[in-house]
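Asks: So here's work_18.txt (compact mmCIF, C-alpha atoms).
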```txt
# COMPACT_ATOMS: atom_id res chain seq x y z
CA MET A 294 13.01 -6.41 10.72
CA VAL A 295 14.10 -8.11 7.48
CA GLN A 296 10.99 -10.30 7.72
CA TYR A 297 8.83 -7.19 8.25
CA GLN A 298 10.38 -5.51 5.19
CA ALA A 299 9.88 -8.66 3.08
CA THR A 300 6.22 -8.80 4.13
CA LEU A 301 5.69 -5.14 3.18
CA ASN A 302 7.41 -5.75 -0.19
CA ARG A 303 5.09 -8.68 -0.93
CA THR A 304 1.96 -6.88 0.29
CA PHE A 305 2.53 -3.67 -1.68
CA SER A 306 3.58 -5.64 -4.81
CA ALA A 307 0.43 -7.72 -4.59
CA LEU A 308 -1.72 -4.56 -4.28
CA ALA A 309 -0.01 -2.85 -7.25
CA ASP A 310 -2.32 -4.54 -9.78
CA PRO A 311 -5.98 -3.60 -10.41
CA THR A 312 -7.11 -7.20 -11.10
CA ARG A 313 -5.62 -8.34 -7.79
CA ARG A 314 -7.29 -5.46 -5.91
CA ASP A 315 -10.55 -6.44 -7.65
CA ILE A 316 -10.16 -10.06 -6.56
CA LEU A 317 -9.70 -8.98 -2.93
CA GLU A 318 -12.81 -6.78 -3.12
CA ARG A 319 -14.75 -9.69 -4.64
CA LEU A 320 -13.57 -12.11 -1.90
CA GLY A 321 -14.57 -9.51 0.71
CA ARG A 322 -18.16 -10.36 -0.25
CA GLY A 323 -17.53 -14.10 0.36
CA PRO A 324 -15.49 -17.10 -0.88
CA ALA A 325 -15.39 -17.93 -4.60
CA THR A 326 -13.92 -20.58 -6.89
CA ILE A 327 -11.22 -19.78 -9.46
CA SER A 328 -13.80 -20.02 -12.28
CA GLU A 329 -16.18 -17.64 -10.46
CA LEU A 330 -13.34 -15.17 -9.97
CA ALA A 331 -12.36 -15.43 -13.65
CA GLU A 332 -15.91 -14.67 -14.90
CA PRO A 333 -15.77 -10.85 -15.13
CA TYR A 334 -12.40 -10.87 -16.93
CA ALA A 335 -11.37 -11.54 -20.49
CA MET A 336 -8.54 -13.59 -19.04
CA SER A 337 -7.43 -17.23 -19.20
CA LEU A 338 -7.81 -19.36 -16.07
CA THR A 339 -4.01 -19.67 -16.08
CA GLY A 340 -3.68 -15.86 -15.98
CA LEU A 341 -6.14 -15.59 -13.14
CA LYS A 342 -4.47 -18.39 -11.18
CA LYS A 343 -1.19 -16.47 -11.42
CA HIS A 344 -2.82 -13.45 -9.75
CA VAL A 345 -4.35 -15.67 -7.05
CA ARG A 346 -0.95 -17.27 -6.41
CA ILE A 347 0.67 -13.84 -5.89
CA LEU A 348 -2.11 -12.91 -3.44
CA GLU A 349 -1.64 -16.26 -1.71
CA GLU A 350 2.12 -15.73 -1.36
CA ALA A 351 1.35 -12.39 0.31
CA ASP A 352 -1.09 -14.20 2.67
CA LEU A 353 -3.88 -11.92 1.42
CA VAL A 354 -5.80 -14.91 0.05
CA SER A 355 -5.98 -18.55 1.09
CA THR A 356 -7.19 -21.35 -1.16
CA GLU A 357 -8.45 -24.88 -0.57
CA LYS A 358 -9.01 -27.69 -3.04
CA ILE A 359 -12.59 -28.95 -2.69
CA GLY A 360 -13.31 -31.84 -5.09
CA ARG A 361 -12.44 -30.58 -8.55
CA THR A 362 -12.58 -26.88 -7.73
CA ARG A 363 -10.33 -24.58 -5.73
CA GLU A 364 -12.09 -22.27 -3.30
CA CYS A 365 -10.52 -18.90 -2.51
CA ARG A 366 -11.17 -16.66 0.49
CA LEU A 367 -9.52 -13.69 2.19
CA GLY A 368 -6.30 -14.80 3.89
CA PRO A 369 -4.77 -14.25 7.31
CA GLU A 370 -2.84 -11.06 6.38
CA GLN A 371 -5.12 -8.18 7.39
CA LEU A 372 -2.98 -5.44 5.82
CA GLU A 373 -2.20 -4.23 9.35
CA ASP A 374 1.51 -3.70 8.59
CA ALA A 375 0.85 -1.89 5.32
CA ALA A 376 -1.74 0.35 6.97
CA ARG A 377 0.62 1.07 9.88
CA TRP A 378 3.45 1.98 7.52
CA ILE A 379 1.21 4.39 5.57
CA GLU A 380 -0.02 5.89 8.88
CA MET A 381 3.57 6.54 9.97
CA TYR A 382 4.39 8.14 6.62
CA ARG A 383 1.28 10.33 6.86
CA SER A 384 2.28 11.54 10.31
CA TYR A 385 5.58 12.73 8.77
CA CYS A 386 3.60 14.67 6.15
CA ASP A 387 1.35 16.19 8.83
CA ARG A 388 4.34 17.29 10.88
CA ARG A 389 5.90 18.84 7.78
CA LEU A 390 2.67 20.75 7.07
CA ASP A 391 2.49 21.89 10.72
CA MET A 392 6.04 23.23 10.45
CA LEU A 393 5.19 25.02 7.21
CA GLU A 394 2.06 26.50 8.80
CA GLY A 395 4.09 27.69 11.79
CA TYR A 396 6.63 29.28 9.48
CA LEU A 397 3.90 31.11 7.51
CA GLU A 398 2.28 32.30 10.75
CA ARG A 399 5.63 33.71 11.93
CA LYS A 400 6.15 35.41 8.54
CA LYS A 401 2.72 37.00 8.84
CA GLY A 402 3.65 38.24 12.33
CA ASP A 403 6.90 39.75 10.97
CA ARG A 404 4.97 41.79 8.44
CA LYS A 405 2.72 43.45 11.01
CA MET B 149 -11.85 5.57 -12.38
CA VAL B 150 -9.10 4.43 -14.77
CA GLN B 151 -6.98 7.35 -13.53
CA TYR B 152 -7.67 6.34 -9.90
CA GLN B 153 -6.62 2.74 -10.63
CA ALA B 154 -3.46 3.92 -12.42
CA THR B 155 -2.56 6.11 -9.42
CA LEU B 156 -3.06 3.18 -7.03
CA ASN B 157 -0.90 0.95 -9.27
CA ARG B 158 1.92 3.51 -9.25
CA THR B 159 1.63 4.23 -5.52
CA PHE B 160 1.65 0.58 -4.41
CA SER B 161 4.46 -0.29 -6.90
CA ALA B 162 6.55 2.58 -5.56
CA LEU B 163 6.01 1.39 -1.97
CA ALA B 164 6.92 -2.24 -2.80
CA ASP B 165 10.66 -1.59 -2.36
CA PRO B 166 12.44 -1.18 1.00
CA THR B 167 14.95 1.42 -0.30
CA ARG B 168 12.10 3.57 -1.62
CA ARG B 169 10.21 3.31 1.69
CA ASP B 170 13.47 4.27 3.44
CA ILE B 171 13.88 7.32 1.17
CA LEU B 172 10.34 8.49 2.02
CA GLU B 173 11.03 8.07 5.74
CA ARG B 174 14.30 10.03 5.36
CA LEU B 175 12.55 12.85 3.43
CA GLY B 176 9.89 12.96 6.15
CA ARG B 177 12.63 14.44 8.37
CA GLY B 178 13.34 17.19 5.78
CA PRO B 179 14.60 17.74 2.20
CA ALA B 180 17.85 16.10 1.05
CA THR B 181 20.07 16.04 -2.03
CA ILE B 182 20.56 12.89 -4.10
CA SER B 183 24.09 12.45 -2.63
CA GLU B 184 22.77 12.80 0.93
CA LEU B 185 20.08 10.20 0.19
CA ALA B 186 22.68 7.85 -1.33
CA GLU B 187 24.98 8.00 1.74
CA PRO B 188 23.55 5.13 3.83
CA TYR B 189 23.46 2.72 0.87
CA ALA B 190 26.10 0.68 -0.93
CA MET B 191 24.49 1.85 -4.15
CA SER B 192 25.59 3.87 -7.19
CA LEU B 193 24.12 7.36 -7.63
CA THR B 194 22.53 6.04 -10.84
CA GLY B 195 20.78 3.29 -8.88
CA LEU B 196 19.52 5.75 -6.30
CA LYS B 197 18.33 8.21 -8.96
CA LYS B 198 16.26 5.40 -10.48
CA HIS B 199 14.45 4.88 -7.16
CA VAL B 200 13.88 8.64 -6.81
CA ARG B 201 12.47 8.78 -10.35
CA ILE B 202 9.95 6.01 -9.55
CA LEU B 203 8.89 7.91 -6.41
CA GLU B 204 8.64 11.11 -8.46
CA GLU B 205 6.45 9.41 -11.10
CA ALA B 206 4.12 8.36 -8.27
CA ASP B 207 4.09 11.99 -6.99
CA LEU B 208 5.42 10.77 -3.65
CA VAL B 209 8.59 12.85 -4.08
CA SER B 210 9.29 16.10 -5.91
CA THR B 211 12.78 17.24 -6.94
CA GLU B 212 14.31 20.59 -7.88
CA LYS B 213 17.67 21.32 -9.48
CA ILE B 214 19.50 23.87 -7.30
CA GLY B 215 22.89 24.80 -8.80
CA ARG B 216 24.75 21.53 -9.31
CA THR B 217 22.68 19.45 -6.91
CA ARG B 218 19.13 18.08 -7.03
CA GLU B 219 17.07 18.59 -3.91
CA CYS B 220 14.38 16.04 -3.06
CA ARG B 221 11.38 16.50 -0.76
CA LEU B 222 8.08 14.74 -0.07
CA GLY B 223 5.73 15.24 -3.01
CA PRO B 224 2.08 16.22 -3.36
CA GLU B 225 0.67 12.67 -3.16
CA GLN B 226 -0.26 12.14 0.51
CA LEU B 227 -1.09 8.44 0.13
CA GLU B 228 -4.73 9.32 0.79
CA ASP B 229 -6.02 7.04 -1.97
CA ALA B 230 -3.83 4.11 -0.92
CA ALA B 231 -4.87 4.53 2.71
CA ARG B 232 -8.55 4.78 1.73
CA TRP B 233 -8.34 1.62 -0.36
CA ILE B 234 -6.73 -0.32 2.51
CA GLU B 235 -9.39 1.05 4.90
CA MET B 236 -12.16 -0.19 2.60
CA TYR B 237 -10.53 -3.62 2.34
CA ARG B 238 -10.19 -3.79 6.13
CA SER B 239 -13.86 -3.02 6.59
CA TYR B 240 -14.63 -6.07 4.40
CA CYS B 241 -12.44 -8.18 6.68
CA ASP B 242 -14.13 -6.78 9.79
CA ARG B 243 -17.57 -7.54 8.40
CA ARG B 244 -16.46 -11.07 7.57
CA LEU B 245 -15.20 -11.55 11.14
CA ASP B 246 -18.46 -10.12 12.54
CA MET B 247 -20.43 -12.61 10.46
CA LEU B 248 -18.21 -15.44 11.68
CA GLU B 249 -18.65 -14.29 15.27
CA GLY B 250 -22.43 -14.13 14.81
CA TYR B 251 -22.43 -17.64 13.38
CA LEU B 252 -20.38 -19.00 16.30
CA GLU B 253 -22.70 -17.25 18.80
CA ARG B 254 -25.72 -18.87 17.15
CA LYS B 255 -23.99 -22.27 17.20
CA LYS B 256 -23.32 -21.82 20.91
CA GLY B 257 -27.01 -20.99 21.42
CA ASP B 258 -28.05 -24.15 19.53
CA ARG B 259 -26.02 -26.32 21.89
CA LYS B 260 -27.73 -25.04 25.03
```
Will you turn the file into structure tokens for me?
Replies:
Amino acid sequence: MVQYQATLNRTFSALADPTRRDILERLGRGPATISELAEPYAMSLTGLKKHVRILEEADLVSTEKIGRTRECRLGPEQLEDAARWIEMYRSYCDRRLDMLEGYLERKKGDRK
Amino acid sequence: MVQYQATLNRTFSALADPTRRDILERLGRGPATISELAEPYAMSLTGLKKHVRILEEADLVSTEKIGRTRECRLGPEQLEDAARWIEMYRSYCDRRLDMLEGYLERKKGDRK
């Protein structure tokens, strides 16, 4: 359970930055080197590497040194846990709305 | 688009803490005061209020002062955007796996 919580912490933290979400979307179209990933940003390679490391620690990205470059691709973590957690939270919201709807229906009935 | 990114940043940041996810799960069962929320934790009221404020800033929780207490309930943000983003990311992963599968199938064919 502690491990599950730690994974969710790392996943949601990693997703809380627009550059990191961008990188994941870019890697969804195929592997890329650090320099290729850095291209669209006015950012130092060091800055970009920091983002990649955070994604790597969350298992959202994996990297491999090939010659003098480092190739990045989507990692083993498929966001299943994060999606499941959000699903559970949404079912709470739905239930709450159902209860509210039921209450309003009853109120309407009372008025007749 | 900038607004959408800022919302995602706030939502994912808010979800990156186990106490805050706990609070959302607790509020899914119905509204609660700050003191009621604080009960299960070895945490000062000040510490808990800080978590509630972060959830409030992300619109995940709304609060109302009633007499001397502050009542908290689930807020207007239904995590739709966060869920949609994760869904989109997952479809990238699926496509990548489909391509890999296709490649392996072709390889198998070549061997025959």
Asks: CA of Gln151 (chain B) to CA of Gln298 (chain A): how many Å, to one decimal?
Replies: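 One can read the CA of Gln151 (chain B) to CA of Gln298 (chain A) distance as 28.6 Å.
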Asks: Have a look at A:Glu318, A:Ile359, A:Pro369, A:Arg377 and name the one nearest to Tyr297 (chain A); count only C-alpha atoms.
Replies: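 Going through A:Glu318, A:Ile359, A:Pro369, A:Arg377 one by one, the smallest distance to Tyr297 (chain A) is for A:Arg377.
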Asks: Using only C-alpha atoms, determine which residues of chain A fall within 6 Å of chain B; present them as a count of residues only.
Replies: 7
Asks: Between A:Thr326, A:Glu332, A:Ser337, A:Asp315, which is the closest to Cys365 (chain A) once you count all atoms listed in the file?
Replies: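 Smallest separation from Cys365 (chain A) among the options: A:Thr326.
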Asks: Any idea what the distance is between CA of Asp207 (chain B) and CA of Glu184 (chain B)?
Replies: 20.3 Å
